[in-house]
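Asks: Hey, dropping protein.cif in here, mmCIF, C-alpha atoms:
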data_upload
loop_
_atom_site.label_atom_id
_atom_site.label_comp_id
_atom_site.auth_asym_id
_atom_site.auth_seq_id
_atom_site.Cartn_x
_atom_site.Cartn_y
_atom_site.Cartn_z
CA MET A 1 22.55 -22.44 17.46
CA ARG A 2 21.73 -25.78 15.83
CA GLU A 3 19.06 -25.69 13.15
CA SER A 4 16.93 -28.26 15.01
CA VAL A 5 16.81 -25.96 18.07
CA ILE A 6 15.79 -23.03 15.85
CA MET A 7 13.08 -25.15 14.24
CA LYS A 8 11.80 -26.34 17.62
CA ILE A 9 11.44 -22.67 18.57
CA HIS A 10 9.79 -22.05 15.18
CA TYR A 11 7.17 -24.78 15.68
CA GLY A 12 6.69 -23.91 19.37
CA THR A 13 6.06 -20.22 18.68
CA ALA A 14 3.59 -21.17 15.93
CA LEU A 15 1.56 -23.41 18.26
CA ALA A 16 1.61 -20.89 21.10
CA ALA A 17 0.66 -18.05 18.75
CA VAL A 18 -2.31 -20.03 17.37
CA ALA A 19 -3.58 -20.60 20.92
CA LEU A 20 -3.12 -16.99 22.05
CA VAL A 21 -4.46 -15.44 18.84
CA ALA A 22 -7.55 -17.64 19.28
CA VAL A 23 -8.02 -16.15 22.78
CA HIS A 24 -7.47 -12.68 21.33
CA VAL A 25 -10.08 -13.24 18.59
CA LEU A 26 -12.56 -14.61 21.16
CA PHE A 27 -12.11 -11.46 23.24
CA ARG A 28 -12.85 -9.35 20.17
CA LEU A 29 -16.00 -11.39 19.49
CA THR A 30 -17.44 -10.40 22.87
CA GLN A 31 -17.25 -6.77 21.82
CA GLY A 32 -17.84 -6.83 18.07
CA PHE A 33 -15.05 -6.18 15.59
CA VAL A 34 -16.01 -2.62 14.64
CA ASP A 35 -16.20 -1.42 18.26
CA SER A 36 -12.96 -3.14 19.17
CA LEU A 37 -11.08 -0.97 16.70
CA THR A 38 -12.22 2.34 18.17
CA TYR A 39 -9.47 4.47 19.73
CA GLU A 40 -10.87 4.27 23.27
CA SER A 41 -11.24 0.51 23.10
CA VAL A 42 -7.66 -0.02 21.88
CA ILE A 43 -6.27 2.26 24.61
CA ALA A 44 -8.39 0.48 27.24
CA ASN A 45 -7.01 -2.87 26.09
CA TYR A 46 -3.44 -1.60 26.41
CA ARG A 47 -4.15 -0.30 29.90
CA PHE A 48 -5.65 -3.61 31.06
CA LEU A 49 -2.33 -5.21 31.99
CA PRO A 50 -3.19 -8.96 31.70
CA TYR A 51 -4.56 -8.36 28.19
CA ALA A 52 -1.69 -6.06 27.24
CA GLY A 53 0.70 -8.76 28.49
CA MET A 54 -0.98 -11.31 26.24
CA LEU A 55 -0.71 -8.96 23.24
CA GLU A 56 2.98 -8.47 24.06
CA ILE A 57 3.52 -12.24 24.13
CA ILE A 58 1.68 -12.62 20.79
CA LEU A 59 3.90 -9.92 19.34
CA ILE A 60 7.05 -11.71 20.53
CA LEU A 61 5.84 -15.12 19.31
CA LEU A 62 4.81 -13.85 15.88
CA SER A 63 7.99 -11.81 15.44
CA ILE A 64 10.20 -14.79 16.23
CA HIS A 65 8.15 -17.14 14.03
CA GLY A 66 7.70 -14.68 11.18
CA PHE A 67 11.29 -13.50 10.94
CA ASN A 68 12.65 -17.02 11.20
CA GLY A 69 10.28 -17.96 8.36
CA LEU A 70 11.61 -15.03 6.36
CA ARG A 71 15.20 -16.13 7.14
CA VAL A 72 14.44 -19.62 5.83
CA ILE A 73 12.90 -18.26 2.62
CA LEU A 74 15.84 -15.92 2.04
CA LEU A 75 18.38 -18.69 2.70
CA GLU A 76 16.72 -20.80 0.02
CA LEU A 77 16.62 -17.91 -2.40
CA LYS A 78 20.37 -17.35 -2.51
CA GLN A 79 23.42 -18.93 -0.95
CA GLY A 80 26.75 -17.55 0.18
CA ARG A 81 28.57 -17.12 3.48
CA SER A 82 28.30 -13.32 3.78
CA TYR A 83 24.74 -13.27 2.39
CA GLU A 84 23.60 -15.87 4.91
CA LYS A 85 25.22 -14.02 7.79
CA ALA A 86 23.57 -10.77 6.66
CA VAL A 87 20.17 -12.49 6.41
CA SER A 88 20.47 -14.12 9.86
CA TYR A 89 21.64 -10.98 11.66
CA GLY A 90 19.25 -8.79 9.66
CA CYS A 91 16.29 -10.94 10.68
CA ILE A 92 17.34 -10.88 14.35
CA ALA A 93 17.69 -7.08 14.19
CA ALA A 94 14.29 -6.69 12.50
CA MET A 95 12.72 -9.03 15.07
CA ILE A 96 14.11 -6.97 17.95
CA ALA A 97 13.06 -3.70 16.29
CA ILE A 98 9.44 -4.87 15.81
CA ILE A 99 9.19 -6.17 19.38
CA ALA A 100 10.71 -2.94 20.73
CA TYR A 101 8.32 -0.78 18.69
CA GLY A 102 5.24 -2.76 19.77
CA SER A 103 6.36 -2.81 23.40
CA ARG A 104 6.98 0.95 23.26
CA THR A 105 3.31 1.52 22.33
CA ILE A 106 2.12 -0.52 25.32
CA PHE A 107 4.57 1.14 27.73
CA MET A 108 3.71 4.65 26.49
CA THR A 109 0.00 3.98 26.98
CA ASN A 110 0.48 2.66 30.50
CA MET A 111 2.79 5.51 31.43
CA GLY A 112 0.10 7.99 30.42
CA MET A 113 2.05 9.34 27.45
CA VAL A 114 -0.83 8.68 25.01
CA MET B 1 4.87 -90.82 -52.32
CA ALA B 2 3.23 -87.86 -50.72
CA THR B 3 4.49 -84.41 -51.44
CA ILE B 4 4.12 -81.43 -49.27
CA LEU B 5 2.25 -78.82 -51.21
CA SER B 6 2.33 -76.08 -48.60
CA THR B 7 3.53 -75.66 -45.03
CA PRO B 8 0.66 -75.57 -42.55
CA LYS B 9 -0.02 -72.12 -41.14
CA GLU B 10 0.11 -71.65 -37.39
CA LYS B 11 -3.25 -70.68 -35.98
CA THR B 12 -3.23 -67.66 -33.72
CA THR B 13 -5.98 -65.76 -31.98
CA SER B 14 -4.07 -62.48 -31.64
CA VAL B 15 -3.56 -60.17 -34.58
CA ILE B 16 -0.03 -58.90 -34.93
CA SER B 17 -0.33 -55.17 -35.42
CA PRO B 18 1.95 -53.37 -37.82
CA SER B 19 4.71 -51.45 -36.13
CA LYS B 20 3.52 -48.08 -34.86
CA LYS B 21 5.65 -44.97 -34.87
CA VAL B 22 6.37 -42.50 -32.12
CA THR B 23 7.83 -39.03 -32.41
CA LEU B 24 10.85 -38.83 -30.16
CA ARG B 25 11.65 -35.24 -29.20
CA VAL B 26 15.15 -34.94 -27.79
CA ALA B 27 16.57 -31.86 -26.06
CA LYS B 28 20.05 -31.38 -27.50
CA TYR B 29 22.46 -29.07 -25.78
CA ASN B 30 26.20 -28.92 -25.37
CA PRO B 31 27.05 -26.13 -22.91
CA LYS B 32 30.54 -25.86 -24.41
CA THR B 33 29.41 -25.17 -27.97
CA ASP B 34 25.69 -24.37 -28.10
CA PRO B 35 24.25 -21.03 -27.02
CA LYS B 36 20.93 -22.64 -26.10
CA LYS B 37 18.99 -25.88 -26.01
CA LYS B 38 17.40 -27.09 -29.26
CA TRP B 39 14.77 -29.76 -29.89
CA VAL B 40 15.27 -32.46 -32.50
CA ASN B 41 12.48 -34.82 -33.59
CA TYR B 42 12.88 -38.42 -34.77
CA GLN B 43 10.23 -40.83 -36.04
CA ILE B 44 10.87 -44.23 -34.49
CA PRO B 45 8.84 -47.47 -34.84
CA TYR B 46 7.93 -49.19 -31.61
CA GLU B 47 6.27 -52.30 -30.28
CA LYS B 48 4.35 -53.08 -27.11
CA TRP B 49 7.53 -53.85 -25.19
CA THR B 50 9.68 -50.97 -26.47
CA THR B 51 11.13 -48.73 -23.78
CA VAL B 52 12.16 -45.10 -24.10
CA LEU B 53 15.78 -46.23 -23.89
CA ASP B 54 15.21 -48.62 -26.84
CA VAL B 55 13.75 -45.77 -28.88
CA LEU B 56 16.62 -43.46 -27.96
CA LEU B 57 19.20 -46.08 -28.90
CA GLU B 58 17.36 -46.73 -32.15
CA ALA B 59 17.60 -43.02 -32.94
CA LYS B 60 21.25 -42.92 -31.89
CA ASN B 61 22.22 -46.01 -33.88
CA HIS B 62 20.37 -45.21 -37.10
CA LEU B 63 19.45 -41.55 -37.27
CA ASP B 64 21.75 -39.40 -35.17
CA HIS B 65 24.94 -40.77 -33.63
CA SER B 66 25.54 -37.53 -31.77
CA ILE B 67 22.76 -37.99 -29.19
CA GLY B 68 24.44 -37.92 -25.80
CA ILE B 69 22.98 -40.52 -23.45
CA ARG B 70 24.22 -42.47 -20.44
CA TYR B 71 22.94 -45.99 -19.85
CA SER B 72 24.17 -49.37 -18.74
CA CYS B 73 22.12 -52.23 -17.28
CA ARG B 74 18.76 -51.71 -19.11
CA GLN B 75 16.92 -53.21 -16.12
CA ALA B 76 16.52 -50.38 -13.59
CA SER B 77 19.46 -51.52 -11.50
CA CYS B 78 22.30 -49.16 -12.34
CA GLY B 79 20.43 -45.83 -12.23
CA SER B 80 22.30 -44.42 -15.24
CA CYS B 81 19.48 -43.51 -17.62
CA GLY B 82 17.49 -41.06 -15.49
CA MET B 83 15.95 -38.26 -17.54
CA ILE B 84 12.82 -36.15 -17.82
CA ILE B 85 10.36 -38.09 -19.97
CA ASN B 86 7.21 -36.19 -20.90
CA GLY B 87 7.83 -33.76 -18.05
CA LYS B 88 8.42 -36.33 -15.31
CA PRO B 89 11.73 -37.71 -14.01
CA ARG B 90 11.91 -41.40 -14.95
CA LEU B 91 14.37 -44.11 -15.91
CA ALA B 92 14.40 -44.50 -19.70
CA CYS B 93 14.94 -48.27 -19.42
CA PHE B 94 12.01 -48.63 -17.04
CA THR B 95 9.47 -46.60 -19.06
CA LYS B 96 7.60 -48.23 -21.90
CA ILE B 97 6.36 -46.12 -24.79
CA THR B 98 2.90 -47.69 -24.44
CA GLU B 99 2.55 -46.67 -20.80
CA LEU B 100 3.07 -43.03 -21.75
CA ASP B 101 -0.08 -43.28 -23.88
CA THR B 102 1.01 -40.65 -26.41
CA THR B 103 2.53 -40.44 -29.87
CA MET B 104 5.03 -37.78 -28.80
CA VAL B 105 7.77 -38.65 -26.31
CA THR B 106 9.80 -35.71 -25.05
CA VAL B 107 13.13 -36.41 -23.38
CA GLU B 108 15.20 -33.85 -21.53
CA PRO B 109 18.13 -34.03 -19.13
CA MET B 110 17.30 -34.23 -15.41
CA LYS B 111 16.63 -30.93 -13.72
CA ASN B 112 18.77 -29.71 -10.79
CA PHE B 113 21.87 -31.31 -12.32
CA PRO B 114 24.49 -29.58 -14.50
CA ILE B 115 24.19 -30.67 -18.15
CA ILE B 116 27.30 -32.29 -19.61
CA ARG B 117 25.76 -32.91 -23.03
CA ASP B 118 22.22 -33.62 -24.30
CA LEU B 119 20.73 -36.11 -21.81
CA VAL B 120 23.92 -36.65 -19.80
CA VAL B 121 24.16 -34.77 -16.51
CA GLY B 122 26.87 -34.41 -13.87
CA PHE B 123 26.42 -36.39 -10.65
CA ASP B 124 29.16 -34.68 -8.63
CA ARG B 125 26.77 -33.00 -6.19
CA LEU B 126 24.73 -36.17 -5.62
CA PHE B 127 27.82 -38.29 -4.96
CA LYS B 128 29.30 -35.59 -2.72
CA THR B 129 26.17 -35.30 -0.54
CA HIS B 130 25.78 -39.09 -0.53
CA LYS B 131 29.36 -39.47 0.70
CA ARG B 132 28.86 -36.74 3.31
CA ILE B 133 26.22 -38.68 5.23
CA LYS B 134 28.63 -41.62 5.67
CA PRO B 135 26.71 -44.27 3.71
CA TYR B 136 28.15 -47.27 5.53
CA ILE B 137 27.67 -49.02 8.84
CA ILE B 138 29.69 -47.42 11.60
CA SER B 139 30.37 -49.95 14.30
CA GLU B 140 33.27 -51.10 16.39
CA ASP B 141 32.16 -54.64 15.65
CA SER B 142 32.40 -54.16 11.87
CA GLU B 143 36.15 -54.88 11.87
CA ILE B 144 36.49 -58.50 10.85
CA THR B 145 38.56 -60.58 13.24
CA THR B 146 38.76 -64.30 13.82
CA LYS B 147 36.11 -63.96 16.52
CA THR B 148 33.70 -62.01 14.31
CA THR B 149 30.20 -63.42 14.19
CA GLU B 150 27.14 -62.39 12.24
CA LEU B 151 25.44 -59.12 13.19
CA LEU B 152 21.97 -60.57 13.63
CA GLN B 153 18.78 -58.56 13.14
CA THR B 154 15.15 -59.48 13.54
CA PRO B 155 12.87 -59.20 10.48
CA LYS B 156 11.22 -56.19 12.16
CA GLU B 157 14.57 -54.44 12.52
CA VAL B 158 15.33 -55.10 8.85
CA ASN B 159 11.92 -53.77 7.84
CA ASN B 160 12.76 -50.43 9.45
CA TYR B 161 15.28 -49.58 6.73
CA ILE B 162 15.15 -52.18 3.94
CA GLN B 163 13.14 -50.10 1.44
CA PHE B 164 15.74 -47.31 1.75
CA ALA B 165 18.48 -49.81 0.90
CA ASN B 166 16.89 -50.17 -2.56
CA CYS B 167 18.21 -46.76 -3.64
CA ILE B 168 20.16 -47.03 -6.92
CA LYS B 169 21.46 -43.42 -6.84
CA CYS B 170 19.72 -42.56 -10.11
CA GLY B 171 19.09 -38.99 -8.94
CA LEU B 172 15.42 -38.85 -9.98
CA CYS B 173 14.38 -37.76 -6.48
CA ASN B 174 16.88 -34.90 -6.50
CA SER B 175 15.66 -33.93 -9.96
CA ALA B 176 12.03 -33.76 -8.78
CA CYS B 177 12.80 -31.88 -5.54
CA PRO B 178 11.64 -28.23 -5.57
CA THR B 179 14.14 -27.24 -2.86
CA MET B 180 17.04 -28.62 -4.91
CA ALA B 181 15.99 -26.21 -7.67
CA THR B 182 16.50 -23.12 -5.52
CA ASP B 183 18.95 -24.09 -2.78
CA SER B 184 22.30 -25.01 -4.31
CA LEU B 185 23.60 -26.23 -0.92
CA PHE B 186 20.59 -28.38 0.03
CA ILE B 187 21.69 -31.89 0.94
CA GLY B 188 18.83 -33.42 -1.09
CA PRO B 189 16.28 -36.23 -0.67
CA GLN B 190 18.65 -38.95 -1.89
CA ALA B 191 21.27 -38.29 0.79
CA LEU B 192 18.63 -37.73 3.48
CA ALA B 193 16.92 -41.03 2.66
CA GLN B 194 20.30 -42.75 2.87
CA ALA B 195 21.01 -41.04 6.19
CA TYR B 196 17.78 -42.55 7.49
CA ARG B 197 18.70 -45.94 6.04
CA TYR B 198 21.80 -46.09 8.27
CA VAL B 199 20.32 -44.29 11.29
CA ALA B 200 17.49 -46.85 11.39
CA ASP B 201 19.87 -49.79 11.10
CA THR B 202 20.34 -51.41 14.51
CA ARG B 203 23.89 -52.50 13.60
CA ASP B 204 24.95 -48.89 13.08
CA LYS B 205 26.44 -46.68 15.79
CA GLY B 206 26.89 -43.50 13.75
CA LYS B 207 23.46 -41.98 14.39
CA ASP B 208 24.73 -38.92 16.26
CA ASP B 209 27.34 -38.17 13.59
CA ARG B 210 24.78 -38.33 10.80
CA LEU B 211 22.15 -36.32 12.66
CA LYS B 212 24.76 -33.60 13.22
CA ILE B 213 25.59 -33.55 9.48
CA ILE B 214 21.99 -33.14 8.38
CA ASP B 215 21.06 -30.68 11.16
CA GLU B 216 22.44 -27.54 9.54
CA SER B 217 21.04 -24.53 7.71
CA HIS B 218 20.91 -26.32 4.31
CA GLY B 219 20.12 -29.71 5.75
CA ILE B 220 16.96 -31.62 6.58
CA TRP B 221 14.90 -28.61 7.69
CA ARG B 222 14.83 -27.10 4.21
CA CYS B 223 12.60 -29.94 2.96
CA HIS B 224 9.07 -28.62 2.31
CA PHE B 225 7.58 -32.09 2.20
CA ALA B 226 6.32 -31.69 -1.36
CA GLY B 227 6.68 -35.46 -1.66
CA SER B 228 7.73 -35.38 -5.33
CA CYS B 229 10.88 -37.37 -4.49
CA SER B 230 8.76 -40.32 -3.38
CA GLN B 231 6.45 -39.96 -6.39
CA VAL B 232 9.25 -40.43 -8.92
CA CYS B 233 11.42 -43.11 -7.27
CA PRO B 234 11.54 -46.12 -9.64
CA LYS B 235 12.55 -48.46 -6.80
CA GLY B 236 9.71 -47.66 -4.42
CA VAL B 237 11.88 -45.80 -1.92
CA ASP B 238 9.98 -43.14 0.03
CA PRO B 239 12.55 -40.41 0.77
CA ALA B 240 9.84 -38.02 2.03
CA MET B 241 8.91 -40.51 4.75
CA GLY B 242 12.57 -41.06 5.62
CA ILE B 243 13.01 -37.32 6.02
CA GLN B 244 10.00 -37.06 8.35
CA LEU B 245 11.28 -40.00 10.41
CA LEU B 246 14.72 -38.36 10.66
CA ARG B 247 13.05 -35.15 11.84
CA GLY B 248 11.45 -37.25 14.56
CA TYR B 249 14.94 -38.08 15.87
CA LEU B 250 15.97 -34.42 15.81
CA LEU B 251 12.77 -33.23 17.51
CA GLY B 252 13.08 -35.87 20.22
CA PHE B 253 10.09 -38.01 19.20
CA ARG B 254 12.33 -40.95 18.31
CA SER B 255 15.51 -42.26 19.88
#
Here is a file; write its structure as structure tokens.
Replies:
Amino acid sequence: MRESVIMKIHYGTALAAVALVAVHVLFRLTQGFVDSLTYESVIANYRFLPYAGMLEIILILLSIHGFNGLRVILLELKQGRSYEKAVSYGCIAAMIAIIAYGSRTIFMTNMGMV
Amino acid sequence: MATILSTPKEKTTSVISPSKKVTLRVAKYNPKTDPKKKWVNYQIPYEKWTTVLDVLLEAKNHLDHSIGIRYSCRQASCGSCGMIINGKPRLACFTKITELDTTMVTVEPMKNFPIIRDLVVGFDRLFKTHKRIKPYIISEDSEITTKTTELLQTPKEVNNYIQFANCIKCGLCNSACPTMATDSLFIGPQALAQAYRYVADTRDKGKDDRLKIIDESHGIWRCHFAGSCSQVCPKGVDPAMGIQLLRGYLLGFRS
């Protein structure tokens, strides 16, 4: 993939994440931060599908943006063909792992496993 | 017969000050023989018009012939005498002692370049990256035939790139660039500014080629927009702006 395409995704995910995190924070303000962190409240949020869907999208956006940012930092830190390949594939793997783990939590809650 | 008893003295309003002295601190290092860099101090007289290059040559001619220094035109045209003067990348011939406003002038070789000896650095990487971006007009019309006419441009079209054509390849921008310090494959502000110079030229048809060259993992996107390249350019080129304008092409804001 060309670097300009990757960077377009990088900037796009950042803008989308800012917008969605703002919505997320506004939702928390309606409830109060302390209450929003209680077990029942968190589970209720995961079971409310539109909200859970938004959290899932935030997770995907931030994972893509964050791990691409990490890739860029690591590419600047050291250079070398095998190192760069390891960094790129490592970041993609870590991105998928984080998204899978976060999604698993939402799915388990909705399937009544929590 | 009248005799001249004494020659009349010329009246002047300005007082000629006695020559002042500056301490020139030179970083001396030969990677082939020296284990590490050492600092050598020289006391050199200077006047209002004395440049750092004048002081260095004074030291080289009269105090220490072994000082390694590269210079040529003495008028900020050739870009040979770039070095770190009092912590900032500058041209020695274009920096007066008086403008530094200090009695101690420290000179070091440019950063982000391999040291050959003392103040002389290797330009291989700069020339290689400069060459990579194809620093010439690519056009089918550029072949001169009997029917060749002038490639006319409006003043506005010239204004789009003319400041970037002032680059003298002195390397000060690459020396000031923080990304150049960490990323050994980064193409650098000098080459990127030159890429913009030709991309913005209406006579050129090599835009796509150049954009492809700079759009790679160690290309234009590794610039953090620190802006230090533009701060140090002795010719008023603004590589940071050129880089942002090039990004505009790659992001689809410009065509």
Asks: Using all atoms listed in the file, which chain B residues lie at most 9 Å away from chain A, written as a list in words?
Replies: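 Selected residues: Thr179, Thr182, Asp183, Ser184, Leu185, Phe186, Lys212, Asp215, Glu216, Ser217, His218, Gly219, Trp221, Arg222, Arg247, Leu250 and Leu251 of chain B.
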Asks: Figure out the distance between atom CA of Cys233 of chain B and atom CA of Cys173 of chain B, please, to one decimal in Å.
Replies: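 Separation of atom CA of Cys173 of chain B and atom CA of Cys233 of chain B: 6.2 Å.
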Asks: What's the 12 Å shell around Pro50 of chain A, counting all atoms listed in the file, without same-chain residues fewer than 6 positions away, as a list in words?
Replies: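 Answer for this query is His24, Ala44, Glu56, Ile57 and Ile106 of chain A.
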Asks: Run the PyMOL selection byres ((chain B and resi 61-71) around 9) on the file and write out the hits as number ranges by chain.
Replies: B: 26, 28, 42, 53, 56-60, 72-74, 78-82, 92-93, 116-121
Asks: Please provide as a list of chain:residue names all residues within 8 Å of Asn41 of chain B, with the sequence filter that same-chain residues fewer than 4 positions apart are discarded (counting all atoms listed in the file).
Replies: B:Thr23, B:Leu24, B:Arg25, B:Val26
Asks: Quick one: of A:Leu59, A:Arg71, A:Phe27, A:Ile9, who's nearest to Thr105 of chain A, counting only C-alpha atoms?
Replies: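 Comparing A:Leu59, A:Arg71, A:Phe27, A:Ile9 against Thr105 of chain A, the winner is A:Leu59.
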Asks: Check the smallest atom-to-atom distance from each of B:Thr50, B:Asn160, B:Gln190, B:Gln153 to Arg203 of chain B using all atoms listed in the file, then report the winner.
Replies: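 Of all the options, B:Gln153 lies closest to Arg203 of chain B.
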Asks: For Gly53 of chain A, please output as a list in words all residues within 12 Å (counting all atoms listed in the file; exclusion window: fewer than 6 positions along the same chain).
Replies: Leu20, His24, Asn45, Tyr46, Arg47, Leu59, Ile60, Gly102, Ser103, Ile106, Phe107 and Asn110 of chain A
Asks: Grab the atom CA of Thr129 of chain B to atom CA of Asn30 of chain B distance for me, in Å with one decimal place.
Replies: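 Spanning atom CA of Thr129 of chain B to atom CA of Asn30 of chain B is a straight-line distance of 25.6 Å.
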Asks: For Ala226 of chain B, please output as a list of chain:residue names all residues within 10 Å (counting all atoms listed in the file; exclusion window: fewer than 6 positions along the same chain).
Replies: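 Returned residues: B:Ala176, B:Cys177, B:Pro178, B:Thr179, B:Ala240.
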Asks: For Tyr198 of chain B, find every residue with an atom within 8 Å (counting all atoms listed in the file), except residues of its own chain fewer than 2 positions away, and show them as a list of chain:residue names.
Replies: B:Pro135, B:Tyr136, B:Ile137, B:Tyr161, B:Gln194, B:Ala195, B:Tyr196, B:Ala200, B:Asp201, B:Asp204, B:Gly206, B:Lys207
Asks: Please, what distance in Å, to one decimal, runs between atom CA of Asp238 of chain B and atom CA of Gln163 of chain B?
Replies: 7.8 Å
Asks: Find the residues with any atom within 6 Å of (17.7, -26.9, -27.9); use all atoms listed in the file and the coordinates as given in the file, and write the answer as a list in words.
Replies: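 Answer for this query, in the requested form: Ala27, Lys28, Tyr29, Lys36, Lys37, Lys38 and Trp39 of chain B.
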